[in-house]
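Here is the file coords15.pdb (PDB, C-alpha atoms, pLDDT in the B column).
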```pdb
MODEL        1
ATOM      1  CA  MET A  73      -4.643 -24.860  18.385  1.00 68.00           C
ATOM      2  CA  ALA A  74      -5.084 -21.093  18.225  1.00 75.00           C
ATOM      3  CA  ASN A  75      -1.433 -20.911  17.240  1.00 86.00           C
ATOM      4  CA  SER A  76      -1.905 -22.976  14.108  1.00 90.00           C
ATOM      5  CA  LYS A  77      -4.964 -20.956  13.090  1.00 91.00           C
ATOM      6  CA  LEU A  78      -2.967 -17.763  13.449  1.00 92.00           C
ATOM      7  CA  GLN A  79      -0.146 -19.357  11.500  1.00 93.00           C
ATOM      8  CA  ALA A  80      -2.584 -20.303   8.736  1.00 91.00           C
ATOM      9  CA  ILE A  81      -3.704 -16.677   8.466  1.00 89.00           C
ATOM     10  CA  TRP A  82      -0.129 -15.377   8.628  1.00 92.00           C
ATOM     11  CA  ASN A  83       0.936 -17.630   5.756  1.00 92.00           C
ATOM     12  CA  HIS A  84      -2.230 -17.248   3.668  1.00 90.00           C
ATOM     13  CA  PRO A  85      -1.655 -16.291  -0.001  1.00 89.00           C
ATOM     14  CA  ALA A  86      -3.699 -13.142   0.640  1.00 89.00           C
ATOM     15  CA  GLY A  87      -2.346 -12.669   4.171  1.00 91.00           C
ATOM     16  CA  PRO A  88      -0.477  -9.850   5.941  1.00 92.00           C
ATOM     17  CA  LYS A  89       2.867 -10.731   4.320  1.00 93.00           C
ATOM     18  CA  THR A  90       1.427  -9.868   0.907  1.00 94.00           C
ATOM     19  CA  ILE A  91       0.220  -6.863  -1.070  1.00 94.00           C
ATOM     20  CA  HIS A  92      -3.107  -8.693  -1.464  1.00 93.00           C
ATOM     21  CA  PHE A  93      -3.720  -7.837   2.180  1.00 94.00           C
ATOM     22  CA  TRP A  94      -2.356  -4.304   2.473  1.00 94.00           C
ATOM     23  CA  ALA A  95      -3.834  -2.743  -0.636  1.00 93.00           C
ATOM     24  CA  PRO A  96      -7.465  -3.466   0.350  1.00 93.00           C
ATOM     25  CA  THR A  97      -6.726  -2.662   4.003  1.00 94.00           C
ATOM     26  CA  PHE A  98      -5.571   0.804   2.992  1.00 93.00           C
ATOM     27  CA  LYS A  99      -8.677   1.200   0.850  1.00 92.00           C
ATOM     28  CA  TRP A 100     -10.829   0.895   3.957  1.00 93.00           C
ATOM     29  CA  GLY A 101      -9.691   4.431   4.728  1.00 88.00           C
ATOM     30  CA  ILE A 102     -11.533   5.704   1.669  1.00 83.00           C
ATOM     31  CA  SER A 103     -14.655   3.749   2.586  1.00 86.00           C
ATOM     32  CA  ILE A 104     -14.546   5.187   6.094  1.00 89.00           C
ATOM     33  CA  ALA A 105     -14.160   8.686   4.648  1.00 85.00           C
ATOM     34  CA  ASN A 106     -17.394   8.132   2.712  1.00 84.00           C
ATOM     35  CA  ILE A 107     -19.120   6.957   5.891  1.00 89.00           C
ATOM     36  CA  VAL A 108     -17.924  10.112   7.666  1.00 88.00           C
ATOM     37  CA  ASP A 109     -19.610  12.041   4.849  1.00 86.00           C
ATOM     38  CA  PHE A 110     -23.003  10.596   5.805  1.00 90.00           C
ATOM     39  CA  SER A 111     -23.322  13.645   8.007  1.00 89.00           C
ATOM     40  CA  LYS A 112     -22.668  16.029   5.122  1.00 86.00           C
ATOM     41  CA  PRO A 113     -25.683  18.033   3.894  1.00 88.00           C
ATOM     42  CA  PRO A 114     -26.993  16.556   0.610  1.00 88.00           C
ATOM     43  CA  GLU A 115     -26.441  19.824  -1.256  1.00 85.00           C
ATOM     44  CA  LYS A 116     -22.738  19.276  -0.806  1.00 84.00           C
ATOM     45  CA  LEU A 117     -22.793  15.803  -2.377  1.00 84.00           C
ATOM     46  CA  SER A 118     -21.883  15.280  -5.984  1.00 83.00           C
ATOM     47  CA  TYR A 119     -23.959  12.978  -8.240  1.00 85.00           C
ATOM     48  CA  PRO A 120     -21.108  12.047 -10.621  1.00 83.00           C
ATOM     49  CA  HIS A 121     -18.798  11.279  -7.741  1.00 83.00           C
ATOM     50  CA  GLN A 122     -21.205   9.062  -5.776  1.00 87.00           C
ATOM     51  CA  ILE A 123     -22.252   7.267  -8.967  1.00 89.00           C
ATOM     52  CA  VAL A 124     -18.596   6.515  -9.661  1.00 87.00           C
ATOM     53  CA  VAL A 125     -18.111   5.265  -6.076  1.00 88.00           C
ATOM     54  CA  ALA A 126     -21.182   2.998  -6.286  1.00 92.00           C
ATOM     55  CA  CYS A 127     -20.412   1.594  -9.774  1.00 92.00           C
ATOM     56  CA  SER A 128     -16.734   1.059  -9.125  1.00 90.00           C
ATOM     57  CA  GLY A 129     -17.626  -0.669  -5.817  1.00 93.00           C
ATOM     58  CA  VAL A 130     -19.912  -3.121  -7.624  1.00 94.00           C
ATOM     59  CA  ILE A 131     -17.431  -3.822 -10.443  1.00 93.00           C
ATOM     60  CA  TRP A 132     -14.520  -4.309  -8.060  1.00 93.00           C
ATOM     61  CA  SER A 133     -16.551  -6.619  -5.822  1.00 94.00           C
ATOM     62  CA  ARG A 134     -17.008  -8.918  -8.795  1.00 93.00           C
ATOM     63  CA  TYR A 135     -13.312  -8.496  -9.687  1.00 92.00           C
ATOM     64  CA  SER A 136     -12.146  -9.714  -6.275  1.00 93.00           C
ATOM     65  CA  THR A 137     -13.809 -13.085  -6.822  1.00 92.00           C
ATOM     66  CA  VAL A 138     -12.253 -13.736 -10.255  1.00 91.00           C
ATOM     67  CA  ILE A 139      -8.635 -12.993  -9.438  1.00 91.00           C
ATOM     68  CA  THR A 140      -5.993 -15.251  -7.971  1.00 88.00           C
ATOM     69  CA  PRO A 141      -5.810 -15.324  -5.030  1.00 90.00           C
ATOM     70  CA  LYS A 142      -9.532 -14.672  -4.326  1.00 89.00           C
ATOM     71  CA  ASN A 143      -9.570 -11.646  -2.111  1.00 92.00           C
ATOM     72  CA  TRP A 144     -12.374 -11.438   0.462  1.00 92.00           C
ATOM     73  CA  ASN A 145     -10.874  -8.339   2.068  1.00 93.00           C
ATOM     74  CA  LEU A 146     -11.025  -6.550  -1.286  1.00 94.00           C
ATOM     75  CA  LEU A 147     -14.568  -7.842  -1.779  1.00 95.00           C
ATOM     76  CA  ALA A 148     -15.631  -6.523   1.618  1.00 95.00           C
ATOM     77  CA  VAL A 149     -14.157  -3.057   1.143  1.00 95.00           C
ATOM     78  CA  ASN A 150     -15.663  -2.657  -2.325  1.00 95.00           C
ATOM     79  CA  ALA A 151     -19.067  -3.937  -1.235  1.00 96.00           C
ATOM     80  CA  SER A 152     -18.878  -1.288   1.471  1.00 95.00           C
ATOM     81  CA  MET A 153     -17.937   1.404  -1.078  1.00 92.00           C
ATOM     82  CA  ALA A 154     -20.892   0.367  -3.255  1.00 95.00           C
ATOM     83  CA  GLY A 155     -23.194   0.453  -0.230  1.00 95.00           C
ATOM     84  CA  THR A 156     -22.042   3.873   0.986  1.00 94.00           C
ATOM     85  CA  GLY A 157     -22.203   5.272  -2.563  1.00 93.00           C
ATOM     86  CA  MET A 158     -25.758   4.046  -3.045  1.00 96.00           C
ATOM     87  CA  TYR A 159     -26.800   5.355   0.357  1.00 95.00           C
ATOM     88  CA  GLN A 160     -25.388   8.795  -0.428  1.00 93.00           C
ATOM     89  CA  LEU A 161     -27.157   8.786  -3.801  1.00 94.00           C
ATOM     90  CA  ALA A 162     -30.419   7.864  -2.098  1.00 95.00           C
ATOM     91  CA  ARG A 163     -29.941  10.724   0.403  1.00 94.00           C
ATOM     92  CA  LYS A 164     -29.291  13.239  -2.336  1.00 93.00           C
ATOM     93  CA  ILE A 165     -32.173  12.083  -4.544  1.00 94.00           C
ATOM     94  CA  GLN A 166     -34.485  12.089  -1.546  1.00 93.00           C
ATOM     95  CA  HIS A 167     -33.425  15.627  -0.747  1.00 92.00           C
ATOM     96  CA  ASP A 168     -33.581  16.988  -4.284  1.00 91.00           C
ATOM     97  CA  TYR A 169     -36.839  15.429  -5.439  1.00 90.00           C
ATOM     98  CA  PHE A 170     -38.849  14.241  -2.481  1.00 87.00           C
ATOM     99  CA  SER A 171     -38.539  16.895   0.163  1.00 83.00           C
ATOM    100  CA  GLU A 172     -39.920  20.419   0.628  1.00 75.00           C
ATOM    101  CA  THR A 173     -36.578  22.170   0.750  1.00 71.00           C
ATOM    102  CA  GLY A 174     -35.173  20.124  -2.104  1.00 63.00           C
ATOM    103  CA  ALA A 175     -38.145  20.521  -4.445  1.00 61.00           C
ATOM    104  CA  ALA A 176     -37.153  24.075  -5.159  1.00 61.00           C
ATOM    105  CA  VAL A 177     -33.626  22.970  -5.989  1.00 61.00           C
ATOM    106  CA  ALA A 178     -34.836  20.243  -8.334  1.00 59.00           C
ATOM    107  CA  GLU A 179     -37.025  22.625 -10.260  1.00 58.00           C
ATOM    108  CA  GLU A 180     -34.197  24.950 -11.162  1.00 55.00           C
TER     109      GLU A 180
ATOM    110  CA  MET B  41      -7.549  -6.045 -37.073  1.00 86.00           C
ATOM    111  CA  ALA B  42      -6.331  -9.410 -35.842  1.00 88.00           C
ATOM    112  CA  ALA B  43      -4.595  -7.722 -32.910  1.00 89.00           C
ATOM    113  CA  PHE B  44      -7.812  -5.905 -32.006  1.00 90.00           C
ATOM    114  CA  LYS B  45      -9.768  -9.165 -32.149  1.00 90.00           C
ATOM    115  CA  ALA B  46      -7.146 -10.802 -29.977  1.00 89.00           C
ATOM    116  CA  PHE B  47      -7.564  -7.987 -27.463  1.00 86.00           C
ATOM    117  CA  LEU B  48     -11.368  -8.305 -27.490  1.00 89.00           C
ATOM    118  CA  ASN B  49     -11.106 -11.992 -26.665  1.00 89.00           C
ATOM    119  CA  SER B  50      -8.155 -11.835 -24.271  1.00 85.00           C
ATOM    120  CA  PRO B  51      -8.558 -13.099 -20.685  1.00 83.00           C
ATOM    121  CA  VAL B  52      -8.107  -9.506 -19.492  1.00 83.00           C
ATOM    122  CA  GLY B  53     -10.106  -7.883 -22.280  1.00 88.00           C
ATOM    123  CA  PRO B  54     -13.382  -5.925 -22.374  1.00 91.00           C
ATOM    124  CA  LYS B  55     -15.487  -9.069 -21.968  1.00 90.00           C
ATOM    125  CA  THR B  56     -14.024  -9.543 -18.471  1.00 90.00           C
ATOM    126  CA  THR B  57     -14.100  -7.811 -15.102  1.00 88.00           C
ATOM    127  CA  HIS B  58     -10.300  -7.534 -15.236  1.00 90.00           C
ATOM    128  CA  PHE B  59     -10.861  -4.794 -17.806  1.00 91.00           C
ATOM    129  CA  TRP B  60     -13.778  -2.901 -16.308  1.00 90.00           C
ATOM    130  CA  GLY B  61     -12.343  -2.632 -12.799  1.00 87.00           C
ATOM    131  CA  PRO B  62      -9.474  -0.368 -13.929  1.00 88.00           C
ATOM    132  CA  VAL B  63     -11.816   1.503 -16.321  1.00 87.00           C
ATOM    133  CA  ALA B  64     -14.050   2.309 -13.343  1.00 86.00           C
ATOM    134  CA  ASN B  65     -11.008   3.757 -11.570  1.00 85.00           C
ATOM    135  CA  TRP B  66     -10.602   6.363 -14.294  1.00 80.00           C
ATOM    136  CA  GLY B  67     -14.004   7.628 -13.234  1.00 76.00           C
ATOM    137  CA  PHE B  68     -12.395   8.934 -10.044  1.00 75.00           C
ATOM    138  CA  VAL B  69      -9.928  10.929 -12.085  1.00 66.00           C
ATOM    139  CA  ALA B  70     -12.486  12.218 -14.573  1.00 63.00           C
ATOM    140  CA  ALA B  71     -15.634  12.783 -12.474  1.00 58.00           C
ATOM    141  CA  PRO B  72     -16.257  16.520 -12.599  1.00 45.00           C
ATOM    142  CA  LYS B  73     -17.155  18.840  -9.736  1.00 40.00           C
ATOM    143  CA  ASN B  74     -15.740  16.831  -6.876  1.00 42.00           C
ATOM    144  CA  TYR B  75     -17.325  18.383  -3.834  1.00 41.00           C
ATOM    145  CA  ASN B  76     -15.855  15.823  -1.492  1.00 46.00           C
ATOM    146  CA  TRP B  77     -12.833  17.029   0.391  1.00 47.00           C
ATOM    147  CA  TRP B  78     -11.187  13.666   0.023  1.00 48.00           C
ATOM    148  CA  LEU B  79     -11.605  13.507  -3.703  1.00 49.00           C
ATOM    149  CA  GLN B  80     -10.495  17.016  -4.642  1.00 49.00           C
ATOM    150  CA  GLN B  81      -7.587  15.267  -6.172  1.00 55.00           C
ATOM    151  CA  GLY B  82      -7.923  14.729  -9.876  1.00 63.00           C
ATOM    152  CA  LEU B  83      -6.168  16.181 -12.861  1.00 64.00           C
ATOM    153  CA  VAL B  84      -8.427  19.229 -12.776  1.00 64.00           C
ATOM    154  CA  ASP B  85      -6.943  20.210  -9.453  1.00 66.00           C
ATOM    155  CA  THR B  86      -3.427  20.544 -10.848  1.00 73.00           C
ATOM    156  CA  GLN B  87      -4.683  23.888 -12.118  1.00 75.00           C
ATOM    157  CA  LYS B  88      -5.729  25.031  -8.670  1.00 75.00           C
ATOM    158  CA  PRO B  89      -3.535  27.187  -6.436  1.00 80.00           C
ATOM    159  CA  PRO B  90      -1.182  25.217  -4.123  1.00 82.00           C
ATOM    160  CA  GLU B  91      -2.835  26.628  -0.982  1.00 81.00           C
ATOM    161  CA  MET B  92      -5.825  24.433  -1.746  1.00 77.00           C
ATOM    162  CA  ILE B  93      -3.784  21.221  -1.708  1.00 79.00           C
ATOM    163  CA  SER B  94      -4.265  18.944   1.276  1.00 78.00           C
ATOM    164  CA  SER B  95      -0.881  17.395   1.992  1.00 81.00           C
ATOM    165  CA  ASN B  96      -2.494  14.647   4.123  1.00 82.00           C
ATOM    166  CA  MET B  97      -4.863  13.539   1.387  1.00 80.00           C
ATOM    167  CA  THR B  98      -2.231  13.839  -1.321  1.00 84.00           C
ATOM    168  CA  ALA B  99       0.270  11.777   0.690  1.00 88.00           C
ATOM    169  CA  ALA B 100      -2.450   9.174   1.405  1.00 86.00           C
ATOM    170  CA  MET B 101      -3.200   8.995  -2.320  1.00 86.00           C
ATOM    171  CA  CYS B 102       0.510   8.479  -3.040  1.00 90.00           C
ATOM    172  CA  VAL B 103       0.583   5.498  -0.644  1.00 92.00           C
ATOM    173  CA  TYR B 104      -2.715   4.216  -2.032  1.00 91.00           C
ATOM    174  CA  SER B 105      -1.655   4.231  -5.672  1.00 91.00           C
ATOM    175  CA  GLY B 106       1.782   2.884  -4.764  1.00 94.00           C
ATOM    176  CA  LEU B 107       0.141  -0.092  -3.021  1.00 94.00           C
ATOM    177  CA  PHE B 108      -2.223  -0.733  -5.904  1.00 93.00           C
ATOM    178  CA  MET B 109       0.519  -0.523  -8.512  1.00 95.00           C
ATOM    179  CA  ARG B 110       2.228  -3.387  -6.670  1.00 94.00           C
ATOM    180  CA  PHE B 111      -1.120  -5.188  -6.357  1.00 94.00           C
ATOM    181  CA  ALA B 112      -1.786  -4.878 -10.107  1.00 93.00           C
ATOM    182  CA  TRP B 113       1.641  -6.371 -10.808  1.00 95.00           C
ATOM    183  CA  MET B 114       1.300  -9.324  -8.411  1.00 93.00           C
ATOM    184  CA  VAL B 115      -2.311 -10.305  -9.004  1.00 91.00           C
ATOM    185  CA  GLN B 116      -3.214 -13.194 -11.285  1.00 89.00           C
ATOM    186  CA  PRO B 117      -3.795 -12.365 -14.095  1.00 89.00           C
ATOM    187  CA  ARG B 118      -1.309  -9.479 -14.079  1.00 91.00           C
ATOM    188  CA  ASN B 119      -3.323  -6.301 -14.726  1.00 91.00           C
ATOM    189  CA  TYR B 120      -1.382  -3.741 -16.808  1.00 91.00           C
ATOM    190  CA  LEU B 121      -4.420  -1.511 -17.255  1.00 89.00           C
ATOM    191  CA  LEU B 122      -4.785  -1.150 -13.507  1.00 91.00           C
ATOM    192  CA  LEU B 123      -1.047  -0.599 -13.216  1.00 92.00           C
ATOM    193  CA  VAL B 124      -1.149   2.261 -15.719  1.00 90.00           C
ATOM    194  CA  CYS B 125      -4.204   3.791 -14.038  1.00 89.00           C
ATOM    195  CA  HIS B 126      -2.501   3.898 -10.651  1.00 90.00           C
ATOM    196  CA  ALA B 127       0.853   4.907 -12.129  1.00 91.00           C
ATOM    197  CA  SER B 128      -0.784   7.988 -13.637  1.00 88.00           C
ATOM    198  CA  ASN B 129      -2.580   8.808 -10.401  1.00 87.00           C
ATOM    199  CA  GLU B 130       0.713   8.373  -8.542  1.00 90.00           C
ATOM    200  CA  THR B 131       2.364  10.815 -10.932  1.00 90.00           C
ATOM    201  CA  VAL B 132      -0.391  13.393 -10.508  1.00 86.00           C
ATOM    202  CA  GLN B 133      -0.343  13.048  -6.715  1.00 87.00           C
ATOM    203  CA  LEU B 134       3.465  13.313  -6.512  1.00 91.00           C
ATOM    204  CA  TYR B 135       3.274  16.401  -8.699  1.00 90.00           C
ATOM    205  CA  GLN B 136       0.638  17.921  -6.397  1.00 87.00           C
ATOM    206  CA  LEU B 137       2.786  17.069  -3.379  1.00 90.00           C
ATOM    207  CA  SER B 138       5.766  18.837  -4.971  1.00 93.00           C
ATOM    208  CA  ARG B 139       3.616  21.900  -5.712  1.00 91.00           C
ATOM    209  CA  TRP B 140       2.485  21.968  -2.083  1.00 90.00           C
ATOM    210  CA  ALA B 141       6.057  21.563  -0.809  1.00 93.00           C
ATOM    211  CA  LYS B 142       7.280  24.404  -3.035  1.00 92.00           C
ATOM    212  CA  ALA B 143       4.535  26.674  -1.752  1.00 90.00           C
ATOM    213  CA  GLN B 144       5.716  26.042   1.807  1.00 88.00           C
ATOM    214  CA  GLY B 145       8.798  28.148   0.972  1.00 75.00           C
TER     215      GLY B 145
ENDMDL
END
```
With the file now loaded, output its structure as structure tokens.
Amino acid sequence: MANSKLQAIWNHPAGPKTIHFWAPTFKWGISIANIVDFSKPPEKLSYPHQIVVACSGVIWSRYSTVITPKNWNLLAVNASMAGTGMYQLARKIQHDYFSETGAAVAEE
Amino acid sequence: MAAFKAFLNSPVGPKTTHFWGPVANWGFVAAPKNYNWWLQQGLVDTQKPPEMISSNMTAAMCVYSGLFMRFAWMVQPRNYLLLVCHASNETVQLYQLSRWAKAQG
């Protein structure tokens, strides 16, 4: 029974024999890199870059549901990119405009 | 004019996500002042000295764009815009890799 389930995954149109699997899987590396950057001080974050990460994550999430084959792996990784991008933006905005140390920065 | 209208209404045109996905990818190339170590990779950085090139990140980007070029070709509908986007990134990254290799002496 487990065998046939595994076989179903193995032979899936977006399964590990296809590019539809490996491209998004590799993209998880980028998402993880952004998660690693959660520990970076907000001064070191870049607004344009995180905005691009968040927007492209949202657009690509939608994209993964309108292509053939529908790609849940791609959806997951891009939803994660959007999430990490928005979190980083929130951190930086919080630091620049809503904290003591940041207020001086924002006023420049 | 007719060709432009045909483009506007095409199943991979600007009224669809198939268009805006690849457009969003150009943001990574163009976004200025990349403070992130893993995105110090765009066209701007071809002007930087080779000592600043990370061979790990550049090689990873080569694999990444290679994979997505194949993806863009195989996906339905076939996405030439995405293919071109990743082909250009691949070119830039391979160029950076060659600059790094040369600087190794």
Exercise for review: Dump as a PyMOL selection string the residues of chain A that approach chain B to within 12 Å, counting only C-alpha atoms.
Suggested key: chain A and resi 85-86+90-110+112-143+146+150+160
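The spacing separating CA of Gln144 in chain B from CA of Gln87 in chain B amounts to 17.5 Å.
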Using only C-alpha atoms, the residue out of B:Lys88, B:Asn49, B:Met41, B:Cys102 with shortest distance to Ser128 in chain B is B:Cys102
Please determine an axis-aligned box that encloses all atoms of range 121-136 of chain A listed in the file, with 5 Å added on each side, and express its centre and edge lengths in Å to one decimal as lines of an AutoDock Vina configuration file.
```
center_x = -17.2
center_y = 0.8
center_z = -8.1
size_x = 20.1
size_y = 31.0
size_z = 14.7
```
- Between CA of Ser95 in chain B and CA of Ala141 in chain B - distance in Å to one decimal: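 Result for CA of Ala141 in chain B versus CA of Ser95 in chain B: 8.6 Å, one decimal.
Contact shell of Trp140 in chain B at 10 Å (only C-alpha atoms; same-chain neighbours under 5 positions omitted): Pro89, Pro90, Glu91, Met92, Ile93, Ser94, Ser95, Thr98, Leu134, Tyr135 and Gly145 of chain B.
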Next on the checklist: For a test of reading the model, state the distance in Å between CA of Ser152 in chain A and CA of Ile165 in chain A, rounded to one decimal.
Outcome noted: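 Between CA of Ser152 in chain A and CA of Ile165 in chain A the gap is 19.8 Å.
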